[in-house]
Amino acid sequence: MPIVVYVQKDGTETRVDVPEGTSVMLGAVQNDIGGIEAECGGCCSCATCHVYVDEAFAARLPPPEEIEGELLSGVAAERRPTSRLSCQLAVTAALDGLVVHMPDTQY
Ligand code: FES
């Protein structure tokens, strides 16, 4: 099962086995990882699942769909080139070891 590494603002890392096809957001919520609120439950309407994808992986992800791009314009924390909505990122075997960093805030 692929591993996703969630990095908190203070640098704390949590490594979680996330089944393929599961979103990075669900991998966090189902394992009680803080820092991702996911108020809309993953239907891409809240932007409270914002993460910064580690640069080593950012280019390996499919680009954001239009709706994700629009929501990223309204995230509460600083938007960076590696900003993504974690509910839109499906875990795959090719992404084993994916590292995502939590933003300062989701609100
Ligand atoms: Fe709401 Fe991702 S969980 S946009």
# chains A, B, ... in the order shown; residues from 1 in each chain; ligands from 1
call {"tool": "residues_around", "arguments": {"residues": "Leu85 of chain A", "least_positions_apart": "4", "cutoff": "8 Å", "atoms": "only C-alpha atoms", "output": "ChimeraX atom specification"}}
result
/A:44,47-51,68,72,89
call {"tool": "residues_near_ligand", "arguments": {"ligand": "ligand 1", "cutoff": "7 Å", "atoms": "only C-alpha atoms and all ligand atoms", "output": "PyMOL selection string"}}
result
chain A and resi 25+38-49+85-88
call {"tool": "closest_residue", "arguments": {"among": "A:Val75, A:Ile3, A:Val18, A:Leu26", "to": "Tyr52 of chain A", "atoms": "only C-alpha atoms"}}
result
A:Val75
call {"tool": "select_by_dssp", "arguments": {"residues": "chain A", "states": "strand (DSSP E)", "output": "JSON, numbers by chain"}}
result
{"A": [3, 4, 5, 6, 7, 13, 14, 15, 16, 17, 50, 51, 52, 53, 83, 84, 85, 98, 99, 100, 101]}
call {"tool": "closest_residue", "arguments": {"among": "A:Pro63, A:Thr82, A:Ala58, A:Gly35", "to": "Tyr107 of chain A", "atoms": "only C-alpha atoms"}}
result
A:Gly35
call {"tool": "residues_around", "arguments": {"residues": "Ala56 of chain A", "least_positions_apart": "4", "cutoff": "12 Å", "atoms": "only C-alpha atoms", "output": "list in words"}}
result
Tyr52, Arg60, Leu61, Thr82, Leu95, Asp96, Gly97, Leu98, Val99 and Val100 of chain A
call {"tool": "closest_residue", "arguments": {"among": "A:Thr105, A:Thr92, A:Ser83, A:Gln8", "to": "Gly21 of chain A", "atoms": "only C-alpha atoms"}}
result
A:Thr92
